[in-house]
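J.: Provided below: my_file_33.cif, containing mmCIF, C-alpha atoms and all ligand atoms.
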data_entry
loop_
_atom_site.label_atom_id
_atom_site.label_comp_id
_atom_site.auth_asym_id
_atom_site.auth_seq_id
_atom_site.Cartn_x
_atom_site.Cartn_y
_atom_site.Cartn_z
CA MET A 168 0.53 7.55 28.04
CA GLU A 169 0.05 4.68 25.68
CA VAL A 170 1.41 5.23 22.19
CA VAL A 171 -1.05 4.57 19.37
CA LYS A 172 0.71 1.96 17.32
CA LYS A 173 0.94 2.54 13.60
CA ASP A 174 0.62 -0.04 10.86
CA ILE A 175 4.23 -0.54 9.85
CA ARG A 176 3.26 -1.91 6.46
CA ALA A 177 1.84 1.45 5.49
CA LEU A 178 5.41 2.82 5.45
CA SER A 179 7.51 2.91 2.31
CA LYS A 180 11.10 1.75 2.39
CA VAL A 181 12.28 5.36 2.49
CA GLN A 182 9.99 6.10 5.43
CA LEU A 183 11.30 3.06 7.27
CA ARG A 184 14.86 4.19 6.70
CA GLU A 185 13.96 7.64 7.97
CA PHE A 186 12.36 6.15 11.04
CA PHE A 187 15.58 4.38 11.97
CA ILE A 188 17.64 7.51 11.34
CA SER A 189 15.28 9.49 13.59
CA ARG A 190 15.95 6.94 16.33
CA GLY A 191 19.70 7.33 15.92
CA GLU A 192 20.06 3.96 14.23
CA GLN A 193 21.47 3.14 10.85
CA ALA A 194 19.29 3.53 7.78
CA PHE A 195 19.97 0.03 6.43
CA ARG A 196 17.93 -1.38 9.31
CA GLY A 197 14.97 0.05 7.39
CA ASN A 198 15.89 -2.12 4.41
CA GLN A 199 16.13 -5.18 6.61
CA VAL A 200 12.73 -4.61 8.13
CA TYR A 201 11.25 -3.91 4.72
CA GLU A 202 12.56 -7.21 3.48
CA TRP A 203 11.06 -9.04 6.46
CA LEU A 204 7.71 -7.39 5.93
CA TRP A 205 7.39 -7.91 2.21
CA GLN A 206 9.68 -10.59 0.87
CA LYS A 207 9.44 -12.83 3.91
CA SER A 208 5.90 -11.86 4.95
CA ALA A 209 6.88 -11.75 8.62
CA HIS A 210 3.95 -11.74 11.02
CA SER A 211 5.88 -10.59 14.07
CA PHE A 212 8.89 -8.48 15.01
CA GLU A 213 10.11 -11.30 17.16
CA GLY A 214 11.08 -13.37 14.13
CA MET A 215 13.26 -10.61 12.59
CA THR A 216 16.41 -12.37 13.66
CA ASN A 217 18.98 -10.04 12.12
CA LEU A 218 17.83 -7.21 14.40
CA THR A 219 18.92 -6.89 18.02
CA LYS A 220 16.46 -7.71 20.74
CA ALA A 221 16.35 -4.06 21.73
CA THR A 222 15.47 -2.96 18.19
CA ARG A 223 12.73 -5.57 17.94
CA ALA A 224 11.27 -4.40 21.24
CA MET A 225 11.42 -0.79 20.10
CA LEU A 226 9.54 -1.67 16.88
CA GLU A 227 6.98 -3.58 18.89
CA GLN A 228 6.39 -0.46 20.95
CA HIS A 229 5.67 1.73 17.95
CA PHE A 230 4.07 -0.50 15.36
CA VAL A 231 1.72 -3.33 14.60
CA ILE A 232 1.98 -5.70 11.65
CA ASN A 233 -1.47 -6.10 10.16
CA HIS A 234 -2.06 -9.19 8.09
CA ILE A 235 -5.08 -10.58 6.37
CA LYS A 236 -6.34 -13.93 7.54
CA VAL A 237 -7.82 -16.59 5.30
CA ASP A 238 -10.94 -17.19 7.31
CA ALA A 239 -12.57 -19.87 5.22
CA MET A 240 -11.48 -21.79 2.17
CA GLN A 241 -13.77 -23.64 -0.23
CA ARG A 242 -12.64 -25.98 -2.99
CA SER A 243 -14.61 -26.48 -6.16
CA SER A 244 -14.88 -29.81 -7.94
CA ASP A 245 -12.83 -28.24 -10.76
CA GLY A 246 -9.95 -27.36 -8.41
CA THR A 247 -10.81 -23.69 -7.98
CA ILE A 248 -10.29 -22.41 -4.44
CA LYS A 249 -12.24 -19.51 -2.97
CA ASN A 250 -10.91 -17.73 0.08
CA ALA A 251 -12.89 -15.56 2.43
CA VAL A 252 -10.27 -13.15 3.63
CA LYS A 253 -10.67 -11.32 6.92
CA LEU A 254 -9.11 -7.87 7.15
CA HIS A 255 -7.72 -6.35 10.34
CA ASP A 256 -10.97 -4.46 10.97
CA GLY A 257 -13.09 -7.58 10.58
CA LEU A 258 -14.40 -6.82 7.07
CA ILE A 259 -14.28 -9.63 4.55
CA VAL A 260 -13.31 -9.84 0.88
CA GLU A 261 -12.94 -12.82 -1.38
CA SER A 262 -10.12 -14.00 -3.58
CA VAL A 263 -9.94 -16.98 -5.86
CA LEU A 264 -7.26 -19.38 -7.09
CA ILE A 265 -7.99 -20.69 -10.58
CA PRO A 266 -5.86 -23.61 -11.72
CA THR A 267 -5.53 -24.80 -15.33
CA GLU A 268 -3.19 -27.41 -16.81
CA THR A 269 -0.38 -24.94 -17.16
CA ARG A 270 -1.18 -21.96 -14.97
CA THR A 271 -2.40 -20.87 -11.60
CA THR A 272 -4.20 -17.55 -11.63
CA ALA A 273 -5.05 -15.47 -8.58
CA CYS A 274 -8.19 -13.39 -8.85
CA VAL A 275 -7.93 -10.67 -6.22
CA SER A 276 -10.19 -8.00 -4.76
CA SER A 277 -9.35 -4.32 -4.64
CA GLN A 278 -12.25 -2.94 -2.57
CA VAL A 279 -14.64 -4.17 0.10
CA GLY A 280 -17.86 -4.16 -1.92
CA CYS A 281 -18.14 -1.93 -4.97
CA SER A 282 -19.47 1.54 -5.69
CA LEU A 283 -20.50 0.71 -9.24
CA ASP A 284 -23.88 -0.71 -10.01
CA CYS A 285 -23.52 -3.26 -12.78
CA LYS A 286 -26.89 -4.96 -12.86
CA PHE A 287 -25.51 -8.44 -13.51
CA CYS A 288 -22.86 -8.51 -10.78
CA ALA A 289 -23.35 -9.88 -7.27
CA THR A 290 -20.66 -7.66 -5.77
CA ALA A 291 -22.61 -4.57 -6.88
CA ARG A 292 -25.22 -5.46 -4.30
CA LEU A 293 -22.74 -4.96 -1.50
CA LYS A 294 -22.24 -1.36 -0.66
CA ARG A 295 -18.67 -0.16 -1.04
CA MET A 296 -17.28 -0.13 2.50
CA ARG A 297 -13.72 0.90 1.84
CA ASN A 298 -10.69 0.59 -0.38
CA LEU A 299 -8.17 -2.13 0.34
CA ASN A 300 -4.70 -1.05 1.41
CA PRO A 301 -1.75 -2.09 -0.73
CA ASP A 302 -0.71 -4.71 1.81
CA GLU A 303 -4.20 -6.21 1.88
CA ILE A 304 -4.04 -6.69 -1.88
CA TYR A 305 -0.49 -8.01 -1.73
CA ASP A 306 -1.37 -10.46 1.04
CA GLN A 307 -4.15 -12.02 -1.03
CA VAL A 308 -1.56 -12.77 -3.70
CA VAL A 309 0.89 -14.21 -1.18
CA ALA A 310 -1.83 -16.42 0.31
CA ILE A 311 -2.78 -17.76 -3.11
CA ASP A 312 0.85 -18.29 -4.07
CA ARG A 313 1.20 -20.47 -0.96
CA GLN A 314 -1.95 -22.41 -1.81
CA SER A 315 -0.70 -22.91 -5.35
CA ARG A 316 2.57 -24.39 -4.07
CA LEU A 317 0.77 -26.51 -1.51
CA TYR A 318 -2.06 -27.91 -3.63
CA PHE A 319 -0.63 -27.75 -7.15
CA ASP A 320 3.08 -27.94 -6.50
CA ARG A 321 3.91 -24.83 -8.49
CA PRO A 322 4.08 -21.11 -7.88
CA LEU A 323 1.38 -18.69 -8.86
CA SER A 324 1.76 -17.70 -12.50
CA ASN A 325 -0.82 -14.96 -13.17
CA ILE A 326 -2.85 -12.34 -11.35
CA VAL A 327 -6.13 -10.76 -12.42
CA PHE A 328 -7.80 -7.87 -10.63
CA MET A 329 -11.23 -9.31 -11.26
CA GLY A 330 -12.37 -9.91 -7.70
CA MET A 331 -14.50 -7.54 -5.69
CA GLY A 332 -14.34 -3.85 -6.41
CA GLU A 333 -13.29 -1.51 -9.18
CA PRO A 334 -9.48 -1.36 -9.23
CA LEU A 335 -9.35 2.01 -10.94
CA MET A 336 -11.41 3.55 -8.15
CA ASN A 337 -8.60 2.50 -5.82
CA TYR A 338 -5.81 3.14 -8.27
CA PRO A 339 -3.00 4.42 -5.98
CA ASN A 340 -3.26 1.37 -3.71
CA VAL A 341 -3.58 -1.06 -6.61
CA LEU A 342 -0.47 0.44 -8.15
CA LYS A 343 1.47 0.21 -4.90
CA ALA A 344 0.43 -3.42 -4.51
CA ILE A 345 1.54 -4.19 -8.08
CA ASP A 346 4.86 -2.46 -7.40
CA LYS A 347 5.39 -4.78 -4.46
CA ILE A 348 4.23 -7.86 -6.36
CA THR A 349 6.64 -7.13 -9.21
CA SER A 350 9.62 -5.88 -7.23
CA GLU A 351 12.47 -8.17 -6.28
CA GLU A 352 11.82 -7.27 -2.67
CA GLY A 353 8.31 -8.61 -3.04
CA LEU A 354 7.33 -11.53 -5.25
CA GLY A 355 9.41 -10.60 -8.28
CA MET A 356 6.58 -11.40 -10.70
CA SER A 357 6.55 -10.02 -14.21
CA PRO A 358 3.94 -7.28 -14.80
CA LYS A 359 3.15 -9.05 -18.08
CA ARG A 360 1.43 -11.68 -15.97
CA ILE A 361 -0.84 -9.18 -14.28
CA THR A 362 -4.16 -7.93 -15.68
CA VAL A 363 -6.18 -5.09 -14.26
CA SER A 364 -9.83 -5.35 -15.21
CA THR A 365 -11.93 -2.21 -15.18
CA SER A 366 -15.45 -1.30 -16.00
CA GLY A 367 -13.84 1.64 -17.76
CA VAL A 368 -12.92 4.84 -15.95
CA PRO A 369 -11.55 7.00 -18.78
CA LYS A 370 -9.54 9.43 -16.67
CA MET A 371 -7.76 6.63 -14.85
CA ILE A 372 -7.05 4.68 -18.04
CA LYS A 373 -5.35 7.79 -19.38
CA LYS A 374 -3.36 8.20 -16.21
CA MET A 375 -2.19 4.59 -16.36
CA ALA A 376 -1.18 5.11 -19.96
CA ASP A 377 0.77 8.25 -19.10
CA GLU A 378 2.60 6.34 -16.41
CA GLU A 379 3.42 3.71 -19.02
CA VAL A 380 2.50 0.84 -16.77
CA LYS A 381 3.64 -2.60 -17.89
CA PHE A 382 0.69 -4.71 -16.82
CA ASN A 383 -2.28 -5.61 -19.03
CA LEU A 384 -5.60 -3.89 -19.30
CA ALA A 385 -8.97 -5.58 -19.62
CA VAL A 386 -12.16 -3.59 -20.01
CA SER A 387 -15.58 -4.95 -19.12
CA LEU A 388 -17.35 -3.70 -22.18
CA HIS A 389 -20.47 -5.87 -22.51
CA SER A 390 -21.91 -3.50 -25.07
CA ALA A 391 -20.54 -1.00 -27.57
CA ILE A 392 -23.84 0.86 -27.76
CA ASP A 393 -24.37 3.58 -25.15
CA ALA A 394 -28.09 3.03 -24.62
CA VAL A 395 -27.57 -0.69 -24.01
CA ARG A 396 -24.48 -0.28 -21.87
CA THR A 397 -26.10 2.34 -19.67
CA GLN A 398 -29.00 0.03 -19.05
CA ILE A 399 -26.77 -2.73 -17.67
CA MET A 400 -23.89 -0.61 -16.36
CA PRO A 401 -25.55 2.64 -15.27
CA PHE A 402 -22.30 4.50 -14.63
CA ASN A 403 -21.88 4.47 -18.42
CA ALA A 404 -24.12 7.54 -18.36
CA THR A 405 -21.27 9.37 -16.60
CA PHE A 406 -18.45 7.74 -18.59
CA PRO A 407 -19.93 7.23 -22.05
CA LEU A 408 -18.30 5.10 -24.73
CA LYS A 409 -16.93 8.12 -26.55
CA ASP A 410 -14.77 8.99 -23.53
CA LEU A 411 -13.81 5.37 -22.99
CA ARG A 412 -12.81 5.04 -26.61
CA GLU A 413 -10.66 8.14 -26.46
CA ALA A 414 -8.93 6.89 -23.31
CA LEU A 415 -8.29 3.48 -24.89
CA ILE A 416 -6.79 5.01 -28.01
CA HIS A 417 -4.50 6.99 -25.71
CA TRP A 418 -3.65 3.78 -23.81
CA TYR A 419 -2.56 2.06 -26.99
CA GLN A 420 -0.58 5.01 -28.26
CA LYS A 421 1.37 5.17 -25.02
CA THR A 422 1.79 1.51 -24.12
CA ARG A 423 1.44 -0.32 -27.45
CA LYS A 424 -0.43 -2.95 -25.50
CA LYS A 425 -3.46 -4.70 -26.90
CA ILE A 426 -6.65 -4.28 -24.89
CA THR A 427 -8.87 -7.18 -23.86
CA TYR A 428 -12.61 -6.58 -23.92
CA GLU A 429 -14.64 -8.74 -21.58
CA TYR A 430 -18.06 -9.37 -22.93
CA VAL A 431 -21.05 -11.43 -21.86
CA VAL A 432 -23.80 -12.07 -24.40
CA TRP A 433 -27.26 -11.92 -22.87
CA GLN A 434 -30.53 -12.85 -24.41
CA GLY A 435 -32.65 -9.85 -25.36
CA ILE A 436 -29.94 -7.39 -24.33
CA ASN A 437 -26.96 -7.53 -26.64
CA ASP A 438 -27.79 -10.44 -28.93
CA ARG A 439 -28.77 -8.49 -32.05
CA LYS A 440 -26.86 -8.02 -35.29
CA GLU A 441 -26.36 -4.34 -34.50
CA ASP A 442 -24.78 -5.25 -31.15
CA ILE A 443 -22.26 -7.43 -32.95
CA GLU A 444 -21.56 -4.75 -35.54
CA ALA A 445 -21.03 -2.13 -32.85
CA LEU A 446 -18.52 -4.37 -31.07
CA VAL A 447 -16.61 -5.07 -34.28
CA LYS A 448 -16.44 -1.33 -34.92
CA PHE A 449 -15.33 -0.58 -31.36
CA CYS A 450 -12.49 -3.09 -31.73
CA ARG A 451 -11.07 -1.11 -34.63
CA PHE A 452 -10.20 1.99 -32.57
CA ALA A 453 -7.25 0.32 -30.89
CA PRO A 454 -5.81 -3.18 -31.25
CA ALA A 455 -7.92 -5.46 -29.11
CA LYS A 456 -9.02 -8.98 -28.48
CA VAL A 457 -12.36 -10.10 -27.14
CA ASN A 458 -12.97 -12.47 -24.30
CA LEU A 459 -16.52 -13.79 -24.40
CA ILE A 460 -17.33 -14.68 -20.80
CA GLU A 461 -19.90 -17.21 -19.79
CA TYR A 462 -22.63 -15.63 -17.68
CA ASN A 463 -22.81 -16.77 -14.09
CA PRO A 464 -26.38 -16.33 -12.94
CA ILE A 465 -26.69 -14.40 -9.72
CA ASP A 466 -30.38 -14.02 -9.28
CA ASP A 467 -33.92 -14.09 -10.36
CA GLY A 468 -33.34 -14.74 -14.04
CA GLN A 469 -33.39 -11.12 -15.18
CA PHE A 470 -30.25 -11.92 -17.16
CA GLN A 471 -29.87 -15.00 -19.27
CA GLN A 472 -26.94 -16.05 -21.33
CA ALA A 473 -27.73 -16.01 -25.05
CA PRO A 474 -27.82 -19.36 -26.86
CA GLU A 475 -24.63 -20.83 -28.29
CA GLU A 476 -25.56 -19.88 -31.86
CA VAL A 477 -25.61 -16.17 -30.98
CA ILE A 478 -22.22 -16.52 -29.35
CA GLN A 479 -20.97 -18.22 -32.50
CA ASN A 480 -22.31 -15.29 -34.54
CA TYR A 481 -20.15 -13.01 -32.44
CA VAL A 482 -17.14 -15.28 -32.92
CA ARG A 483 -17.61 -15.43 -36.70
CA ALA A 484 -18.06 -11.68 -37.11
CA LEU A 485 -15.05 -10.85 -34.96
CA GLU A 486 -12.82 -13.41 -36.65
CA ALA A 487 -13.93 -12.28 -40.09
CA ASN A 488 -12.62 -8.87 -39.11
CA GLY A 489 -9.29 -10.22 -37.90
CA ILE A 490 -10.08 -9.81 -34.22
CA VAL A 491 -8.89 -12.53 -31.86
CA VAL A 492 -11.72 -13.91 -29.78
CA THR A 493 -11.68 -16.44 -26.96
CA ILE A 494 -14.51 -17.99 -25.04
CA ARG A 495 -13.98 -18.18 -21.32
CA ARG A 496 -15.80 -20.95 -19.55
CA SER A 497 -16.61 -20.41 -15.94
CA ARG A 498 -14.66 -21.94 -13.13
CA GLY A 499 -15.69 -22.51 -9.56
CA LYS A 500 -19.40 -21.98 -10.18
CA ASP A 501 -20.42 -24.61 -7.63
CA ILE A 502 -18.86 -22.54 -4.84
CA ASP A 503 -19.99 -19.12 -6.15
CA ALA A 504 -16.39 -18.29 -7.01
CA ALA A 505 -16.94 -17.41 -10.67
CA CYS A 506 -16.89 -13.89 -12.17
CA GLY A 507 -19.52 -11.65 -10.69
CA GLN A 508 -20.51 -14.15 -8.01
CA LEU A 509 -18.33 -12.83 -5.21
CA ALA A 510 -20.67 -11.61 -2.54
CA ASN A 511 -19.44 -13.05 0.76
CA LYS A 512 -22.16 -15.67 0.66
CA ALA A 513 -20.34 -18.67 2.07
N1 LIG B 1 -14.77 -4.00 -11.51
C1 LIG B 1 -13.91 -4.67 -12.40
C2 LIG B 1 -13.42 -6.02 -11.95
C3 LIG B 1 -14.41 -6.98 -11.31
S1 LIG B 1 -15.53 -7.90 -12.28
C4 LIG B 1 -14.55 -4.78 -13.77
O1 LIG B 1 -15.70 -4.40 -13.91
O2 LIG B 1 -13.89 -5.18 -14.72
C5 LIG B 1 -14.64 -9.03 -13.27
C6 LIG B 1 -15.37 -9.39 -14.55
O3 LIG B 1 -16.54 -10.18 -14.29
C7 LIG B 1 -15.89 -8.18 -15.30
O4 LIG B 1 -15.62 -8.32 -16.65
C8 LIG B 1 -17.38 -8.22 -15.03
O5 LIG B 1 -18.09 -7.52 -16.00
C9 LIG B 1 -17.63 -9.70 -15.04
N2 LIG B 1 -18.87 -10.09 -14.41
C10 LIG B 1 -19.55 -9.47 -13.43
N3 LIG B 1 -20.65 -10.16 -13.09
C11 LIG B 1 -20.66 -11.27 -13.88
C12 LIG B 1 -21.52 -12.41 -13.97
N4 LIG B 1 -22.58 -12.53 -13.19
N5 LIG B 1 -21.22 -13.36 -14.87
C13 LIG B 1 -20.11 -13.25 -15.64
N6 LIG B 1 -19.26 -12.22 -15.59
C14 LIG B 1 -19.52 -11.23 -14.71
#
Rewrite the structure from the file as structure tokens, please.
T.:
Amino acid sequence: MEVVKKDIRALSKVQLREFFISRGEQAFRGNQVYEWLWQKSAHSFEGMTNLTKATRAMLEQHFVINHIKVDAMQRSSDGTIKNAVKLHDGLIVESVLIPTETRTTACVSSQVGCSLDCKFCATARLKRMRNLNPDEIYDQVVAIDRQSRLYFDRPLSNIVFMGMGEPLMNYPNVLKAIDKITSEEGLGMSPKRITVSTSGVPKMIKKMADEEVKFNLAVSLHSAIDAVRTQIMPFNATFPLKDLREALIHWYQKTRKKITYEYVVWQGINDRKEDIEALVKFCRFAPAKVNLIEYNPIDDGQFQQAPEEVIQNYVRALEANGIVVTIRRSRGKDIDAACGQLANKA
């Protein structure tokens, strides 16, 4: 009878050690294999040269090593690279490398499609197919780190979970991926260089706070008024601002980490004085900074970025209240690689 081979990368180090013990071999073989799989990103058992031939053959019999494959790569005129990443079951997600003078940032996906229904986001139009496994998230980072070294002659410096999907709806796998990214047996990156962006799932924000995670939190706020937010992010009806606020206060109390609010200003939606006032007030609940994001049009013109003067009104009001505000210009727009444009179009 043919054995159904398991994905070896779904095993923890402890499970790998146990596997070897169960086969009458020494536990440290598990550590060696783990190192091959994660630190060295081995694609085959054959290359695991510190194992005997017999051990390699035995592993081959029981397991497969699933890896993502960068199926297509597009380069923007501004240097941004968008990858279409094929998963072992043929589904595709996208991840983006964003270079600046001093940094290279990887923008990675956490789900195939998305279950949320933000009206302004292209990914929302793709049905959520499944969560990504920890290794599929990790591999996107490894692929971008390689591209960064190859094209920009430096390692990856930052990671943002701002690709496809809602990371907090796939929290256990996102956390496992971050553990691998930050561990010495993985990429050894500092969690301070990682940002998880969420549309705001209060229960999960609280959980992250209780676990005292060390990475950064960004919240896609877009409005601090329930009626407005629900209109553009309908799940706000289930997770209203009051609950979000409470979770964010808890986050700050536990982690002492400032929160970043991502915010797009749209004409006729959140461009009024009361919208600005509500945001300023919301920023007082817990230390925060605001990232005003440029809108990347995805469609028929239902959403339009507000004129520069409205954006400057936001900046002035926030600064007058001592809140740090930055304006984020889009990158990679010409290849649909900018925020909210990831929709497997290429
Ligand atoms: N689901 C997560 C992460 C993915 S979206 C979240 O909601 O945070 C990453 C960021 O891009 C979010 O702040 C999102 O609100 C923003 N975004 C989505 N569509 C956009 C668009 N068309 N233009 C600009 N930003 C967009």
J.: Work out how far CA of Gly280 (chain A) is from CA of Gly332 (chain A), in Å to one decimal.
T.: 5.7 Å
J.: Identify, counting only C-alpha atoms and all ligand atoms, the protein, DNA and RNA residues located within 8 Å of ligand LIG 1 (chain B), and give them as a PyMOL selection string.
T.: chain A and resi 276+281+283+285+287-290+328-334+363-367+385-389+429-431+460-465+497+505-508
J.: Near Leu415 (chain A), counting all atoms listed in the file, which residues have an atom at most 10 Å away, once you skip same-chain residues fewer than 2 positions from it, shown as number ranges by chain?
T.: A: 367, 369, 372-373, 376, 384, 386, 409-413, 417-421, 425-426, 452-455
J.: Select, counting only C-alpha atoms, all protein, DNA and RNA residues no farther than 9 Å from (-4.3, -2.0, 10.5) in file coordinates, and express the selection as a ChimeraX atom specification.
T.: /A:173-177,231-234,254-256
J.: Restricting the calculation to only C-alpha atoms, which member of A:Thr216, A:Asn488, A:Gln314, A:Asn298 is positioned closest to Ser262 (chain A)?
T.: A:Gln314
J.: If we count all atoms listed in the file and set the cut-off at 10 Å, which residues sit around Ala473 (chain A), ignoring sequence neighbours fewer than 5 positions away in its own chain? Please answer as a list in words.
T.: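 Using all atoms listed in the file, the neighbours found are Val431, Val432, Trp433, Gln434, Gly435, Ile436, Asn437, Asp438, Glu461, Tyr462 and Ile478 of chain A.
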J.: Which value, in Å to one decimal, gives the distance between CA of Thr422 (chain A) and CA of Glu378 (chain A)?
T.: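 So the answer is 9.1 Å.
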J.: At a cut-off of 10 Å, using all atoms listed in the file, what residues contact region 240-243 of chain A? Leave out same-chain residues fewer than 2 positions from it and give the result as a list of chain:residue names.
T.: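 The residues that qualify are A:Val237, A:Asp238, A:Asp245, A:Gly246, A:Thr247, A:Ile248, A:Lys249, A:Asn250, A:Ala251, A:Val252, A:Glu261, A:Ser262, A:Val263, A:Leu264, A:Ile265, A:Arg498, A:Gly499, A:Lys500, A:Asp501, A:Ile502, A:Asp503, A:Ala504, A:Ala513.
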J.: At what distance in Å, to one decimal, does CA of Arg270 (chain A) lie from CA of Ser208 (chain A)?
T.: 23.4 Å
J.: Between A:Ala239, A:Ile490, A:Leu459, A:Val260, single out the one closest to Ala510 (chain A), counting only C-alpha atoms.
T.: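 Selected residue with least distance to Ala510 (chain A): A:Val260.
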J.: Name the closest residue to Ala273 (chain A) among the candidates A:Arg423, A:Arg360, A:Lys440, A:Lys207; distances are taken between atoms, counting all atoms listed in the file.
T.: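 Of A:Arg423, A:Arg360, A:Lys440, A:Lys207, the one nearest Ala273 (chain A) is A:Arg360, counting all atoms listed in the file.
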J.: Select, from A:Lys220, A:Arg316, A:Lys456, A:Arg496, the residue with the minimum atom-to-atom distance to Val482 (chain A), counting all atoms listed in the file.
T.: A:Lys456
